[in-house]
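Asks: Have a peek at upload_2.tsv (TSV, C-alpha atoms).
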chain	number	residue	atom	x	y	z
A	3	MET	CA	0.00	0.00	0.00
A	4	GLN	CA	1.24	3.47	-0.87
A	5	ILE	CA	0.55	6.40	1.48
A	6	ILE	CA	0.24	9.79	-0.21
A	7	HIS	CA	-0.01	13.01	1.82
A	8	LEU	CA	-2.12	15.60	0.01
A	9	THR	CA	-2.50	19.34	0.25
A	10	TYR	CA	-5.09	21.41	-1.56
A	11	PRO	CA	-5.13	21.94	-4.52
A	12	VAL	CA	-4.78	18.32	-5.59
A	13	LYS	CA	-2.39	17.62	-8.45
A	14	GLU	CA	-3.69	16.16	-11.72
A	15	ASN	CA	-2.91	12.50	-12.53
A	16	LEU	CA	-1.87	11.71	-8.97
A	17	ILE	CA	-2.81	8.09	-9.66
A	18	PRO	CA	-2.35	6.91	-13.27
A	19	SER	CA	-5.78	5.29	-13.75
A	20	LYS	CA	-9.38	5.73	-12.74
A	21	ILE	CA	-10.01	4.64	-9.14
A	22	VAL	CA	-12.60	3.32	-6.72
A	23	LEU	CA	-12.57	5.87	-3.91
A	24	ALA	CA	-13.71	5.18	-0.32
A	25	LEU	CA	-14.40	8.34	1.70
A	26	GLY	CA	-14.44	8.79	5.46
A	27	PHE	CA	-12.36	9.72	8.46
A	28	PHE	CA	-12.21	6.03	9.49
A	29	ASP	CA	-11.11	6.51	13.11
A	30	GLY	CA	-10.69	3.01	14.53
A	31	VAL	CA	-11.26	1.32	11.15
A	32	HIS	CA	-14.08	-0.47	12.98
A	33	ARG	CA	-16.46	-3.14	11.72
A	34	GLY	CA	-18.64	-0.58	9.95
A	35	HIS	CA	-15.60	0.86	8.20
A	36	GLN	CA	-14.40	-2.63	7.33
A	37	HIS	CA	-17.74	-3.42	5.69
A	38	LEU	CA	-17.53	-0.21	3.64
A	39	ILE	CA	-13.97	-0.88	2.53
A	40	GLU	CA	-14.80	-4.50	1.66
A	41	LEU	CA	-17.63	-3.24	-0.59
A	42	ALA	CA	-15.22	-0.81	-2.21
A	43	ARG	CA	-12.58	-3.52	-2.61
A	44	THR	CA	-15.07	-5.87	-4.29
A	45	THR	CA	-16.09	-3.08	-6.67
A	46	ALA	CA	-12.45	-2.24	-7.40
A	47	ARG	CA	-11.60	-5.86	-8.20
A	48	GLU	CA	-14.64	-6.21	-10.48
A	49	LYS	CA	-13.64	-3.07	-12.38
A	50	GLN	CA	-9.92	-3.91	-12.21
A	51	LEU	CA	-9.17	-0.54	-10.69
A	52	PRO	CA	-7.06	0.42	-7.67
A	53	LEU	CA	-8.81	0.78	-4.30
A	54	VAL	CA	-8.10	4.21	-2.84
A	55	VAL	CA	-9.11	5.43	0.62
A	56	MET	CA	-9.08	9.14	1.43
A	57	THR	CA	-8.94	10.34	5.02
A	58	PHE	CA	-7.72	13.49	6.78
A	59	ASP	CA	-4.68	14.14	8.93
A	60	ARG	CA	-6.93	15.42	11.71
A	61	HIS	CA	-10.61	15.42	12.51
A	62	PRO	CA	-12.54	18.30	10.88
A	63	LYS	CA	-13.88	19.28	14.33
A	64	GLU	CA	-10.40	20.51	15.21
A	65	VAL	CA	-10.75	23.15	12.49
A	66	TYR	CA	-14.50	23.83	12.39
A	67	GLN	CA	-15.01	23.93	16.16
A	68	ASN	CA	-11.44	24.57	17.34
A	69	SER	CA	-11.91	21.68	19.77
A	70	LYS	CA	-9.55	18.97	20.97
A	71	VAL	CA	-10.32	15.50	19.60
A	72	VAL	CA	-9.12	12.20	21.03
A	73	TYR	CA	-8.56	9.40	18.55
A	74	ILE	CA	-8.95	5.64	18.53
A	75	ASP	CA	-6.11	5.24	16.02
A	76	SER	CA	-2.92	7.12	15.34
A	77	LEU	CA	-2.24	7.60	11.62
A	78	ASP	CA	0.27	4.72	11.70
A	79	GLU	CA	-2.29	2.42	13.34
A	80	LYS	CA	-4.95	3.44	10.81
A	81	ALA	CA	-2.55	2.85	7.91
A	82	TYR	CA	-1.64	-0.63	9.18
A	83	LYS	CA	-5.33	-1.61	9.31
A	84	MET	CA	-5.96	-0.22	5.83
A	85	GLU	CA	-3.10	-2.25	4.42
A	86	GLN	CA	-4.53	-5.40	6.03
A	87	LEU	CA	-7.84	-4.68	4.27
A	88	GLY	CA	-6.21	-4.64	0.84
A	89	VAL	CA	-6.18	-0.89	0.19
A	90	ASP	CA	-3.85	0.09	-2.65
A	91	TYR	CA	-3.47	3.82	-1.87
A	92	LEU	CA	-4.16	5.70	1.35
A	93	LEU	CA	-4.58	9.42	0.69
A	94	VAL	CA	-4.11	11.62	3.76
A	95	MET	CA	-5.50	15.09	3.07
A	96	HIS	CA	-4.13	17.94	5.18
A	97	PHE	CA	-7.27	19.46	6.70
A	98	ASN	CA	-6.69	23.16	7.28
A	99	ALA	CA	-8.77	26.33	7.33
A	100	GLY	CA	-8.40	26.86	3.57
A	101	PHE	CA	-9.52	23.35	2.69
A	102	SER	CA	-12.44	23.61	5.12
A	103	LYS	CA	-13.87	26.55	3.14
A	104	LEU	CA	-14.45	24.51	-0.03
A	105	SER	CA	-18.10	24.39	-1.05
A	106	ALA	CA	-19.74	21.01	-1.64
A	107	GLN	CA	-19.54	21.50	-5.40
A	108	GLU	CA	-15.88	22.55	-5.19
A	109	PHE	CA	-15.06	19.48	-3.12
A	110	VAL	CA	-16.59	17.23	-5.77
A	111	ASP	CA	-15.11	19.10	-8.74
A	112	GLN	CA	-11.65	19.79	-7.37
A	113	ILE	CA	-11.03	16.69	-5.27
A	114	ILE	CA	-13.13	13.72	-6.36
A	115	VAL	CA	-13.22	14.46	-10.10
A	116	ARG	CA	-9.56	15.46	-10.15
A	117	LEU	CA	-8.69	12.12	-8.53
A	118	LYS	CA	-10.47	10.42	-11.48
A	119	ALA	CA	-12.98	8.53	-9.36
A	120	ASP	CA	-14.98	5.94	-11.28
A	121	THR	CA	-16.96	4.96	-8.18
A	122	VAL	CA	-17.22	6.62	-4.76
A	123	VAL	CA	-18.14	4.58	-1.69
A	124	ALA	CA	-19.17	6.42	1.49
A	125	GLY	CA	-21.25	5.89	4.60
A	126	PHE	CA	-24.82	7.15	4.95
A	127	ASP	CA	-23.69	9.95	7.30
A	128	TYR	CA	-20.65	11.14	5.32
A	129	THR	CA	-20.47	14.92	4.89
A	130	TYR	CA	-18.16	17.12	2.83
A	131	GLY	CA	-19.19	20.51	4.15
A	132	PRO	CA	-22.29	21.82	6.01
A	133	LYS	CA	-24.31	18.67	6.73
A	134	ASP	CA	-27.65	20.18	5.65
A	135	ILE	CA	-26.18	20.66	2.15
A	136	ALA	CA	-23.07	18.48	1.74
A	137	ASN	CA	-24.67	15.12	2.58
A	138	MET	CA	-25.18	11.80	0.85
A	139	LYS	CA	-28.74	12.68	-0.18
A	140	ASN	CA	-27.45	15.62	-2.24
A	141	PHE	CA	-24.30	13.85	-3.45
A	142	PRO	CA	-25.74	12.82	-6.86
A	143	LYS	CA	-26.67	16.45	-7.55
A	144	PHE	CA	-23.05	17.54	-7.14
A	145	ALA	CA	-21.68	14.44	-8.93
A	146	LYS	CA	-23.65	15.26	-12.11
A	147	GLY	CA	-23.29	11.68	-13.36
A	148	ARG	CA	-19.50	11.83	-13.56
A	149	PHE	CA	-19.01	8.87	-11.20
A	150	LYS	CA	-21.08	6.17	-9.56
A	151	ILE	CA	-22.03	6.43	-5.89
A	152	ILE	CA	-22.41	3.59	-3.39
A	153	ASP	CA	-24.19	4.83	-0.24
A	154	VAL	CA	-23.49	2.40	2.62
A	155	PRO	CA	-26.24	2.21	5.28
A	156	LYS	CA	-25.71	2.32	9.05
A	157	GLN	CA	-24.04	-0.79	10.45
A	158	THR	CA	-25.01	-2.34	13.79
A	159	TYR	CA	-23.71	-5.16	15.94
A	160	ASP	CA	-26.04	-6.96	18.37
A	161	GLY	CA	-28.39	-3.97	18.23
A	162	GLN	CA	-25.59	-1.48	18.97
A	163	LYS	CA	-24.63	1.15	16.41
A	164	ILE	CA	-21.07	0.66	15.19
A	165	GLY	CA	-19.52	4.10	15.38
A	166	SER	CA	-16.31	5.76	16.50
A	167	THR	CA	-18.16	7.78	19.16
A	168	GLU	CA	-19.62	4.60	20.69
A	169	ILE	CA	-16.19	2.94	20.67
A	170	ARG	CA	-14.48	5.90	22.36
A	171	ARG	CA	-17.19	5.83	25.03
A	172	ALA	CA	-16.65	2.10	25.60
A	173	ILE	CA	-12.87	2.51	25.92
A	174	SER	CA	-13.05	5.46	28.30
A	175	SER	CA	-15.52	3.57	30.51
A	176	GLY	CA	-13.32	0.45	30.62
A	177	ASP	CA	-15.71	-1.72	28.57
A	178	MET	CA	-13.00	-3.37	26.48
A	179	LYS	CA	-15.26	-6.26	25.51
A	180	LEU	CA	-17.75	-3.93	23.81
A	181	ALA	CA	-14.93	-1.91	22.24
A	182	ALA	CA	-13.46	-5.10	20.75
A	183	GLN	CA	-16.88	-6.24	19.48
A	184	LEU	CA	-17.41	-2.94	17.67
A	185	LEU	CA	-13.83	-2.64	16.43
A	186	GLY	CA	-13.61	-6.27	15.35
A	187	SER	CA	-10.42	-6.69	17.41
A	188	PRO	CA	-9.07	-5.45	20.76
A	189	TYR	CA	-8.29	-1.77	21.22
A	190	VAL	CA	-4.62	-1.01	20.53
A	191	MET	CA	-2.26	1.62	21.87
A	192	SER	CA	1.26	1.90	20.53
A	193	GLY	CA	4.31	3.98	21.27
A	194	ILE	CA	7.75	3.44	22.72
A	195	VAL	CA	9.07	2.16	26.05
A	196	GLY	CA	9.93	5.18	28.17
A	197	HIS	CA	11.54	5.80	31.52
A	198	GLY	CA	9.11	5.44	34.39
A	199	LEU	CA	9.65	5.68	38.13
A	200	ARG	CA	10.80	2.02	38.41
A	201	ASN	CA	8.43	1.40	41.31
A	202	GLY	CA	7.39	-1.92	39.81
A	203	HIS	CA	10.99	-3.12	39.87
A	204	LYS	CA	11.17	-2.32	43.57
A	205	LEU	CA	8.08	-4.44	44.20
A	206	GLY	CA	9.22	-7.39	42.12
A	207	TYR	CA	6.86	-6.57	39.23
A	208	PRO	CA	9.01	-4.77	36.63
A	209	THR	CA	6.95	-2.76	34.17
A	210	ALA	CA	7.42	-1.22	30.75
A	211	ASN	CA	6.22	2.38	30.69
A	212	LEU	CA	4.33	3.31	27.50
A	213	VAL	CA	5.00	6.70	25.92
A	214	TRP	CA	1.99	7.23	23.67
A	215	THR	CA	0.47	9.86	21.40
A	216	GLU	CA	-1.20	12.36	23.69
A	217	ASN	CA	-4.46	12.64	21.77
A	218	LYS	CA	-5.34	8.93	21.97
A	219	VAL	CA	-8.49	7.94	23.86
A	220	LEU	CA	-7.38	6.58	27.24
A	221	PRO	CA	-8.89	3.57	28.96
A	222	LYS	CA	-10.57	4.21	32.30
A	223	VAL	CA	-8.14	4.40	35.23
A	224	GLY	CA	-7.57	0.93	36.66
A	225	VAL	CA	-5.91	-2.42	35.97
A	226	TYR	CA	-6.44	-4.50	32.82
A	227	ALA	CA	-5.76	-7.88	31.30
A	228	THR	CA	-3.70	-7.05	28.22
A	229	LYS	CA	-1.26	-8.44	25.70
A	230	THR	CA	1.90	-6.41	25.15
A	231	ASN	CA	4.38	-6.56	22.29
A	232	ILE	CA	8.01	-5.59	22.76
A	233	GLY	CA	10.77	-6.67	20.42
A	234	GLY	CA	8.24	-8.18	18.00
A	235	LYS	CA	6.94	-10.74	20.52
A	236	TRP	CA	3.59	-10.80	22.32
A	237	TYR	CA	3.34	-11.44	26.06
A	238	ASP	CA	0.32	-11.85	28.31
A	239	SER	CA	0.44	-8.88	30.66
A	240	MET	CA	-1.34	-6.84	33.28
A	241	THR	CA	-1.43	-3.13	32.61
A	242	SER	CA	-2.13	-0.27	34.98
A	243	VAL	CA	-3.64	3.03	33.87
A	244	GLY	CA	-3.37	5.45	36.72
A	245	TYR	CA	-1.63	7.99	38.88
A	246	ASN	CA	0.37	5.60	41.11
A	247	VAL	CA	-1.52	7.05	44.07
A	248	THR	CA	0.09	4.76	46.66
A	249	ILE	CA	3.58	6.00	45.82
A	250	ASN	CA	3.16	9.32	43.98
A	251	GLU	CA	1.21	12.56	44.30
A	252	GLY	CA	-1.09	11.51	41.48
A	253	LYS	CA	-0.66	14.40	39.03
A	254	ARG	CA	0.17	12.46	35.86
A	255	ILE	CA	-1.29	9.35	34.27
A	256	PHE	CA	1.06	6.43	33.65
A	257	ILE	CA	0.42	3.36	31.50
A	258	GLU	CA	2.63	0.55	32.77
A	259	SER	CA	2.63	-3.08	31.66
A	260	ASN	CA	4.01	-6.01	33.61
A	261	LEU	CA	4.80	-8.59	30.91
A	262	PHE	CA	4.70	-12.17	32.14
A	263	GLY	CA	8.00	-13.90	31.34
A	264	PHE	CA	9.78	-10.69	30.30
A	265	ASP	CA	12.35	-8.82	32.36
A	266	GLN	CA	14.68	-6.85	30.09
A	267	GLU	CA	15.67	-3.24	29.58
A	268	ALA	CA	13.83	-2.08	26.46
A	269	TYR	CA	13.96	1.72	26.59
A	270	GLY	CA	13.24	3.30	23.22
A	271	GLU	CA	11.84	0.10	21.68
A	272	LYS	CA	8.42	-0.01	20.03
A	273	MET	CA	5.65	-1.12	22.38
A	274	ILE	CA	2.09	-2.19	21.51
A	275	ILE	CA	-0.69	-2.95	23.99
A	276	LYS	CA	-3.91	-4.82	23.19
A	277	TRP	CA	-6.62	-4.25	25.81
A	278	TYR	CA	-8.90	-7.16	26.77
A	279	LYS	CA	-10.55	-6.73	30.18
A	280	TYR	CA	-10.87	-4.20	32.99
A	281	THR	CA	-10.15	-6.05	36.23
A	282	ARG	CA	-10.26	-3.42	39.00
A	283	ARG	CA	-10.13	0.27	39.86
A	284	GLU	CA	-7.02	2.07	41.08
A	285	ILE	CA	-6.68	1.83	44.86
A	286	LYS	CA	-4.53	3.77	47.31
A	287	PHE	CA	-3.01	1.22	49.67
A	288	ALA	CA	-1.79	1.84	53.19
A	289	ASP	CA	1.72	0.66	52.38
A	290	LEU	CA	3.86	-1.08	49.75
A	291	ALA	CA	3.30	-4.49	51.30
A	292	GLU	CA	-0.46	-4.19	50.70
A	293	LEU	CA	0.20	-3.02	47.13
A	294	LYS	CA	2.50	-5.96	46.46
A	295	LYS	CA	-0.12	-8.38	47.83
A	296	GLN	CA	-2.74	-6.88	45.49
A	297	MET	CA	-0.39	-7.13	42.50
A	298	ALA	CA	0.06	-10.85	43.17
A	299	HIS	CA	-3.73	-11.19	43.15
A	300	ASP	CA	-3.95	-9.16	39.92
A	301	GLU	CA	-1.37	-11.39	38.24
A	302	ALA	CA	-3.26	-14.55	39.21
A	303	GLU	CA	-6.55	-13.09	37.94
A	304	VAL	CA	-5.10	-12.00	34.60
A	305	LYS	CA	-3.33	-15.34	34.06
A	306	ALA	CA	-6.59	-17.17	34.79
A	307	TYR	CA	-8.42	-14.94	32.30
A	308	PHE	CA	-6.01	-15.77	29.48
A	309	ALA	CA	-5.94	-19.45	30.44
A	310	ASP	CA	-9.73	-19.55	29.97
A	311	LYS	CA	-9.44	-17.90	26.57
Translate the structure of the given file into structure tokens.
Replies:
Amino acid sequence: MQIIHLTYPVKENLIPSKIVLALGFFDGVHRGHQHLIELARTTAREKQLPLVVMTFDRHPKEVYQNSKVVYIDSLDEKAYKMEQLGVDYLLVMHFNAGFSKLSAQEFVDQIIVRLKADTVVAGFDYTYGPKDIANMKNFPKFAKGRFKIIDVPKQTYDGQKIGSTEIRRAISSGDMKLAAQLLGSPYVMSGIVGHGLRNGHKLGYPTANLVWTENKVLPKVGVYATKTNIGGKWYDSMTSVGYNVTINEGKRIFIESNLFGFDQEAYGEKMIIKWYKYTRREIKFADLAELKKQMAHDEAEVKAYFADK
């Protein structure tokens, strides 16, 4: 898969042939997104055209509303998922104030037509400007028959809408089972192993401290059953999200994983965490002995969870 970063105006003949173009922000690349991209991929294969996905480098709300947005996926995580789904080109449009001022007709004429779209695939709620005008209902009017449109209806799972908002809510409330059901796989956070306070080492439970992208949605404070990858290998692990209230003043959140069967220095290495189950809230213990006793209980509970799976 080739990743192309775009700025407006889009160059002519960016891709040498006509394309099947899937549109969306695709945060999480969840089951609804996967269904949309699979439809686009099937269409692309039937027409023998490349499958192209266009997303933005940041959520439009950051520009339109000047508000902070937390994300399910970093761009690297999103790109990895797109590649797994058989996307040929991932276009990442730089979303800035100038681009945001394009009218609906200008977006179609100067972006979609210039990209030589044969077919455009988008979700029922996709917008490309003010939602009362630039919506899927009015899309054919702006397309003027220059490309085909596949309007993908709302996707649900077990009666629950599959949407990025619902997934963020599940993650931030610690419902990792629901998040995984809607995503189609466990929630992932990635970054590098950073220097922590080494309190786990002192207690006999050495941890790897995750340094992550600041605008990722954070799981609810507490302890989780997780799987952690360091050095290209996955380990069952227990991961704490919290302020280390027993030992510290509790002003900064740490994400620390104790990997079962791993005790090496790995500072600066890539680290990936898959989140499976919330096991307990963060507790302030009377002393380190009580904390160590609880950690032994946490380890047994997490190991039993993975043994059952």
Asks: In Å to one decimal, how far is atom CA of A:Glu267 from atom CA of A:Ile194?
Replies: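 Atom CA of A:Glu267 lies at a distance of 12.4 Å from atom CA of A:Ile194.
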Asks: Excluding A:Val12 and any residue of its chain fewer than 2 positions from it, enumerate the residues within 10 Å of it, using only C-alpha atoms, and give them as JSON, numbers by chain.
Replies: {"A": [8, 9, 10, 14, 15, 16, 95, 112, 113, 114, 116, 117]}
Asks: Restrict the selected residues to C-alpha atoms and save them as a compact mmCIF listing (two decimals), keeping the file's coordinate frame.
Replies:
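After the write, selection-v1.txt holds the following:
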# COMPACT_ATOMS: atom_id res chain seq x y z
CA LEU A 8 -2.12 15.60 0.01
CA THR A 9 -2.50 19.34 0.25
CA TYR A 10 -5.09 21.41 -1.56
CA GLU A 14 -3.69 16.16 -11.72
CA ASN A 15 -2.91 12.50 -12.53
CA LEU A 16 -1.87 11.71 -8.97
CA MET A 95 -5.50 15.09 3.07
CA GLN A 112 -11.65 19.79 -7.37
CA ILE A 113 -11.03 16.69 -5.27
CA ILE A 114 -13.13 13.72 -6.36
CA ARG A 116 -9.56 15.46 -10.15
CA LEU A 117 -8.69 12.12 -8.53
Asks: Quick one: everything within 7 Å of A:Asp29, counting only C-alpha atoms, minus sequence neighbours fewer than 5 positions away in the same chain. Send it as a PyMOL selection string.
Replies: chain A and resi 73-75+166
Asks: Need to verify the contact set: stretch 126-135 of chain A, 10 Å, all atoms listed in the file, exclusion of same-chain residues closer than 5 positions in sequence. Can you return it as a compact mmCIF listing (two decimals) with C-alpha atoms, keeping the file's coordinate frame?
Replies:
# COMPACT_ATOMS: atom_id res chain seq x y z
CA LEU A 25 -14.40 8.34 1.70
CA GLY A 26 -14.44 8.79 5.46
CA PHE A 27 -12.36 9.72 8.46
CA PRO A 62 -12.54 18.30 10.88
CA SER A 102 -12.44 23.61 5.12
CA LYS A 103 -13.87 26.55 3.14
CA LEU A 104 -14.45 24.51 -0.03
CA SER A 105 -18.10 24.39 -1.05
CA ALA A 106 -19.74 21.01 -1.64
CA GLN A 107 -19.54 21.50 -5.40
CA GLU A 108 -15.88 22.55 -5.19
CA PHE A 109 -15.06 19.48 -3.12
CA VAL A 110 -16.59 17.23 -5.77
CA ASN A 140 -27.45 15.62 -2.24
CA PHE A 141 -24.30 13.85 -3.45
CA ILE A 152 -22.41 3.59 -3.39
CA ASP A 153 -24.19 4.83 -0.24
CA VAL A 154 -23.49 2.40 2.62
CA PRO A 155 -26.24 2.21 5.28
CA LYS A 156 -25.71 2.32 9.05
CA GLN A 157 -24.04 -0.79 10.45
Asks: Skip A:Asp90 itself and residues of its chain fewer than 4 positions away, then list as number ranges by chain all residues within 8 Å of it, counting only C-alpha atoms.
Replies: A: 3-4, 52-54, 85
Asks: If we count only C-alpha atoms and set the cut-off at 9 Å, which residues sit around A:Ile173, ignoring sequence neighbours fewer than 5 positions away in its own chain? Please answer as a PDB file with C-alpha atoms, in the coordinates of the input.
Replies:
ATOM      1  CA  ILE A  74      -8.950   5.640  18.530  1.00  0.00           C
ATOM      2  CA  GLU A 168     -19.620   4.600  20.690  1.00  0.00           C
ATOM      3  CA  MET A 178     -13.000  -3.370  26.480  1.00  0.00           C
ATOM      4  CA  LEU A 180     -17.750  -3.930  23.810  1.00  0.00           C
ATOM      5  CA  ALA A 181     -14.930  -1.910  22.240  1.00  0.00           C
ATOM      6  CA  TYR A 189      -8.290  -1.770  21.220  1.00  0.00           C
ATOM      7  CA  VAL A 219      -8.490   7.940  23.860  1.00  0.00           C
ATOM      8  CA  LEU A 220      -7.380   6.580  27.240  1.00  0.00           C
ATOM      9  CA  PRO A 221      -8.890   3.570  28.960  1.00  0.00           C
ATOM     10  CA  LYS A 222     -10.570   4.210  32.300  1.00  0.00           C
TER      11      LYS A 222
END
Asks: Kindly indicate which residue among A:Lys150, A:Gln183, A:Arg47, A:Tyr207 lies nearest to A:Lys294, using all atoms listed in the file for the distances.
Replies: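 Going through A:Lys150, A:Gln183, A:Arg47, A:Tyr207 one by one, the smallest distance to A:Lys294 is for A:Tyr207.
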Asks: In Å, rounded to a single decimal, give me how far atom CA of A:Thr230 is from atom CA of A:Val304.
Replies: 13.0 Å
